[in-house]
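> Would you mind keeping the following structure in view while I ask a few things?
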Amino acid sequence: MKPLVAIVGRPNVGKSTLFNRLARRRIALVEDIPGVTRDRHYWDVEYEGRDITIIDTGGFVPGEKDSLLQQVREQAQLAVEECDAIIFVTDARVGLTSADQDVAHYLRQSGKPVVVAANKLDSESGTLQALAGEFFKMGLGEVFPISAEHGLGVGSMMETVMGKL
Ligand code: GDP
Ligand code: MG
């Protein structure tokens, strides 16, 4: 099995945008890994000469009672259980939310290697990049400012992810 990297985070932070960017390197659509997402949210991709499988998960909303969100949450939890490393995506323009804190709590308990991405930082401007700092409070270590949409910072974040596999 190739190493599995799961992309998690609350809804709307840019997980699918990041997934689609990384999936440009796809070498194969993963048809059927039992147990995880209903949709085709797995791709085998080559990154820096290594094959990995990336997983896009639905939004992870801890404590949510609604059954659809509950399902999405369970999908995300399954992905986290199966994976070898996690990219935890946050929205740096919105800032740290209690939902992020809850996800962080769950991820700390999972014991899996986590890389935090502070997304939607679309320029190199210092004031914008500084917004990433707030996410250190989650206690998950280094925070990578990225723009999933424009590709900024994604390379150095992925270097760290690959180093954890
Ligand atoms: P998901 O729910 O976490 O999968 O989030 P999506 O990938 O669907 O993105 C949610 C919204 O955020 C969409 O409108 C995206 O276009 C937007 N978005 C994602 N990444 C970025 C980014 O790097 N910069 C900006 N400005 N918007 C982004
Ligand atoms: Mg999505």
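A note on labels: chains of the structure tokens are A, B, ... as shown, every chain counts residues from 1, and ligands are counted from 1 in their shown order.
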Could you report the residues within 10 Å of ligand 1, using only C-alpha atoms and all ligand atoms, as a PyMOL selection string?
chain A and resi 7-21+56-60+89-93+118-123+145-152+154
> Using DSSP on the backbone coordinates, identify the residues of chain A assigned to strand (DSSP E or B); present them as a PyMOL selection string.
chain A and resi 4-8+26-29+42-47+50-56+85-91+114-119+143-145
> What parts of chain A does DSSP call alpha helix (DSSP H)? I'd like the answer as number ranges by chain.
A: 15-22, 67-82, 98-110, 126-129, 154-163
> Within 8 Å of stretch 53-55 of chain A, counting only C-alpha atoms, which residues qualify if same-chain residues fewer than 5 places away don't, as JSON, numbers by chain?
{"A": [2, 3, 4, 5, 6, 7, 19, 23, 41, 42, 43, 44, 45, 79]}
> Those selected residues, please, written with N, CA and C atoms and delivered as a PDB file, in the first residue's frame.

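And here is the file that came out, selection-v1.pdb:
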ATOM      1  N   LYS A   2       0.452   2.226  -0.780  1.00  0.00           N
ATOM      2  CA  LYS A   2       1.130   3.522  -0.763  1.00  0.00           C
ATOM      3  C   LYS A   2       0.727   4.273   0.493  1.00  0.00           C
ATOM      4  N   PRO A   3       1.582   5.195   0.959  1.00  0.00           N
ATOM      5  CA  PRO A   3       1.181   6.003   2.111  1.00  0.00           C
ATOM      6  C   PRO A   3      -0.075   6.819   1.792  1.00  0.00           C
ATOM      7  N   LEU A   4      -0.973   6.883   2.771  1.00  0.00           N
ATOM      8  CA  LEU A   4      -2.226   7.633   2.609  1.00  0.00           C
ATOM      9  C   LEU A   4      -2.132   8.971   3.335  1.00  0.00           C
ATOM     10  N   VAL A   5      -2.470  10.023   2.637  1.00  0.00           N
ATOM     11  CA  VAL A   5      -2.493  11.359   3.232  1.00  0.00           C
ATOM     12  C   VAL A   5      -3.925  11.889   3.165  1.00  0.00           C
ATOM     13  N   ALA A   6      -4.514  12.177   4.329  1.00  0.00           N
ATOM     14  CA  ALA A   6      -5.898  12.662   4.374  1.00  0.00           C
ATOM     15  C   ALA A   6      -5.925  14.170   4.537  1.00  0.00           C
ATOM     16  N   ILE A   7      -6.830  14.813   3.809  1.00  0.00           N
ATOM     17  CA  ILE A   7      -7.033  16.264   3.928  1.00  0.00           C
ATOM     18  C   ILE A   7      -8.306  16.479   4.737  1.00  0.00           C
ATOM     19  N   PHE A  19      -7.078  19.512  -2.646  1.00  0.00           N
ATOM     20  CA  PHE A  19      -7.087  18.152  -3.195  1.00  0.00           C
ATOM     21  C   PHE A  19      -6.971  18.193  -4.718  1.00  0.00           C
ATOM     22  N   ALA A  23      -4.161  16.740  -7.005  1.00  0.00           N
ATOM     23  CA  ALA A  23      -4.595  15.664  -7.900  1.00  0.00           C
ATOM     24  C   ALA A  23      -4.184  15.899  -9.347  1.00  0.00           C
ATOM     25  N   HIS A  41     -13.083  10.132  -3.896  1.00  0.00           N
ATOM     26  CA  HIS A  41     -12.269  11.176  -3.299  1.00  0.00           C
ATOM     27  C   HIS A  41     -10.855  10.721  -2.981  1.00  0.00           C
ATOM     28  N   TYR A  42     -10.441   9.672  -3.693  1.00  0.00           N
ATOM     29  CA  TYR A  42      -9.071   9.175  -3.537  1.00  0.00           C
ATOM     30  C   TYR A  42      -8.345   9.309  -4.854  1.00  0.00           C
ATOM     31  N   TRP A  43      -7.112   9.767  -4.809  1.00  0.00           N
ATOM     32  CA  TRP A  43      -6.268   9.710  -6.000  1.00  0.00           C
ATOM     33  C   TRP A  43      -4.883   9.215  -5.596  1.00  0.00           C
ATOM     34  N   ASP A  44      -4.340   8.369  -6.460  1.00  0.00           N
ATOM     35  CA  ASP A  44      -2.912   8.082  -6.365  1.00  0.00           C
ATOM     36  C   ASP A  44      -2.188   9.192  -7.108  1.00  0.00           C
ATOM     37  N   VAL A  45      -1.229   9.806  -6.469  1.00  0.00           N
ATOM     38  CA  VAL A  45      -0.475  10.858  -7.134  1.00  0.00           C
ATOM     39  C   VAL A  45       1.013  10.625  -6.916  1.00  0.00           C
ATOM     40  N   ALA A  79     -11.239   8.171   7.445  1.00  0.00           N
ATOM     41  CA  ALA A  79     -10.067   8.528   6.649  1.00  0.00           C
ATOM     42  C   ALA A  79      -8.866   8.762   7.554  1.00  0.00           C
TER      43      ALA A  79
END
> Ranking A:Ala76, A:Met138, A:Met1, A:Leu165 by minimum distance to ligand 2 and counting only C-alpha atoms and all ligand atoms, which one comes first?
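The answer is A:Ala76, which sits nearest to ligand 2.
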> Excluding A:Glu159 and any residue of its chain fewer than 6 positions from it, enumerate the residues within 12 Å of it, using only C-alpha atoms, and give them as number ranges by chain.
A: 47-50, 87, 115, 144, 153, 165
> Keeping all heavy atoms for every residue in the selection just given, could you write it to a file as a PDB file, in the first residue's frame?

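Output (again03.pdb):
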ATOM      1  N   TYR A  47       4.396  12.470  -6.038  1.00  0.00           N
ATOM      2  CA  TYR A  47       4.898  13.724  -5.488  1.00  0.00           C
ATOM      3  C   TYR A  47       6.381  13.564  -5.214  1.00  0.00           C
ATOM      4  O   TYR A  47       6.775  12.681  -4.470  1.00  0.00           O
ATOM      5  CB  TYR A  47       4.131  14.108  -4.209  1.00  0.00           C
ATOM      6  CG  TYR A  47       4.062  15.599  -4.068  1.00  0.00           C
ATOM      7  CD1 TYR A  47       2.970  16.312  -4.556  1.00  0.00           C
ATOM      8  CD2 TYR A  47       5.114  16.306  -3.512  1.00  0.00           C
ATOM      9  CE1 TYR A  47       2.927  17.692  -4.487  1.00  0.00           C
ATOM     10  CE2 TYR A  47       5.081  17.689  -3.440  1.00  0.00           C
ATOM     11  CZ  TYR A  47       3.987  18.368  -3.926  1.00  0.00           C
ATOM     12  OH  TYR A  47       3.960  19.733  -3.866  1.00  0.00           O
ATOM     13  N   GLU A  48       7.182  14.429  -5.832  1.00  0.00           N
ATOM     14  CA  GLU A  48       8.635  14.359  -5.666  1.00  0.00           C
ATOM     15  C   GLU A  48       9.147  12.930  -5.830  1.00  0.00           C
ATOM     16  O   GLU A  48       9.923  12.432  -5.019  1.00  0.00           O
ATOM     17  CB  GLU A  48       9.061  14.912  -4.295  1.00  0.00           C
ATOM     18  CG  GLU A  48       8.498  16.291  -3.950  1.00  0.00           C
ATOM     19  CD  GLU A  48       8.974  17.395  -4.907  1.00  0.00           C
ATOM     20  OE1 GLU A  48      10.057  17.251  -5.479  1.00  0.00           O
ATOM     21  OE2 GLU A  48       8.217  18.375  -5.082  1.00  0.00           O
ATOM     22  N   GLY A  49       8.652  12.264  -6.852  1.00  0.00           N
ATOM     23  CA  GLY A  49       9.150  10.937  -7.176  1.00  0.00           C
ATOM     24  C   GLY A  49       8.600   9.808  -6.318  1.00  0.00           C
ATOM     25  O   GLY A  49       9.000   8.656  -6.479  1.00  0.00           O
ATOM     26  N   ARG A  50       7.673  10.153  -5.416  1.00  0.00           N
ATOM     27  CA  ARG A  50       7.091   9.087  -4.586  1.00  0.00           C
ATOM     28  C   ARG A  50       5.592   8.988  -4.840  1.00  0.00           C
ATOM     29  O   ARG A  50       4.924   9.993  -5.032  1.00  0.00           O
ATOM     30  CB  ARG A  50       7.328   9.387  -3.103  1.00  0.00           C
ATOM     31  CG  ARG A  50       8.777   9.192  -2.682  1.00  0.00           C
ATOM     32  CD  ARG A  50       8.996   9.764  -1.317  1.00  0.00           C
ATOM     33  NE  ARG A  50       8.414   8.931  -0.272  1.00  0.00           N
ATOM     34  CZ  ARG A  50       8.356   9.312   1.008  1.00  0.00           C
ATOM     35  NH1 ARG A  50       8.806  10.492   1.376  1.00  0.00           N
ATOM     36  NH2 ARG A  50       7.842   8.505   1.908  1.00  0.00           N
ATOM     37  N   ILE A  87      -3.255  16.406   6.497  1.00  0.00           N
ATOM     38  CA  ILE A  87      -3.160  17.840   6.239  1.00  0.00           C
ATOM     39  C   ILE A  87      -4.433  18.456   6.813  1.00  0.00           C
ATOM     40  O   ILE A  87      -5.542  18.156   6.362  1.00  0.00           O
ATOM     41  CB  ILE A  87      -3.053  18.150   4.735  1.00  0.00           C
ATOM     42  CG1 ILE A  87      -1.830  17.462   4.116  1.00  0.00           C
ATOM     43  CG2 ILE A  87      -2.985  19.669   4.520  1.00  0.00           C
ATOM     44  CD1 ILE A  87      -1.767  17.553   2.591  1.00  0.00           C
ATOM     45  N   VAL A 115       0.016  18.106   9.667  1.00  0.00           N
ATOM     46  CA  VAL A 115       0.577  19.357   9.178  1.00  0.00           C
ATOM     47  C   VAL A 115      -0.591  20.347   9.063  1.00  0.00           C
ATOM     48  O   VAL A 115      -1.622  20.018   8.471  1.00  0.00           O
ATOM     49  CB  VAL A 115       1.262  19.149   7.807  1.00  0.00           C
ATOM     50  CG1 VAL A 115       1.610  20.481   7.164  1.00  0.00           C
ATOM     51  CG2 VAL A 115       2.514  18.295   7.976  1.00  0.00           C
ATOM     52  N   PHE A 144       1.628  26.163   8.114  1.00  0.00           N
ATOM     53  CA  PHE A 144       2.071  26.573   6.784  1.00  0.00           C
ATOM     54  C   PHE A 144       1.053  27.492   6.137  1.00  0.00           C
ATOM     55  O   PHE A 144      -0.079  27.070   5.890  1.00  0.00           O
ATOM     56  CB  PHE A 144       2.289  25.340   5.900  1.00  0.00           C
ATOM     57  CG  PHE A 144       3.459  24.520   6.334  1.00  0.00           C
ATOM     58  CD1 PHE A 144       3.328  23.589   7.347  1.00  0.00           C
ATOM     59  CD2 PHE A 144       4.705  24.710   5.755  1.00  0.00           C
ATOM     60  CE1 PHE A 144       4.422  22.845   7.778  1.00  0.00           C
ATOM     61  CE2 PHE A 144       5.800  23.976   6.179  1.00  0.00           C
ATOM     62  CZ  PHE A 144       5.659  23.044   7.187  1.00  0.00           C
ATOM     63  N   GLY A 153       2.879  28.393  -1.304  1.00  0.00           N
ATOM     64  CA  GLY A 153       3.184  27.687  -0.063  1.00  0.00           C
ATOM     65  C   GLY A 153       2.895  26.199  -0.078  1.00  0.00           C
ATOM     66  O   GLY A 153       3.279  25.480   0.851  1.00  0.00           O
ATOM     67  N   LEU A 165       6.151  10.801   6.203  1.00  0.00           N
ATOM     68  CA  LEU A 165       5.683   9.483   5.753  1.00  0.00           C
ATOM     69  C   LEU A 165       6.773   8.433   5.865  1.00  0.00           C
ATOM     70  O   LEU A 165       7.936   8.744   5.758  1.00  0.00           O
ATOM     71  CB  LEU A 165       5.196   9.569   4.304  1.00  0.00           C
ATOM     72  CG  LEU A 165       3.977  10.460   4.085  1.00  0.00           C
ATOM     73  CD1 LEU A 165       3.659  10.583   2.602  1.00  0.00           C
ATOM     74  CD2 LEU A 165       2.762   9.923   4.837  1.00  0.00           C
TER      75      LEU A 165
END
> Mind pulling up the distance from atom CA of A:Val94 to atom CA of A:Ala132?
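Atom CA of A:Val94 lies at a distance of 10.8 Å from atom CA of A:Ala132.
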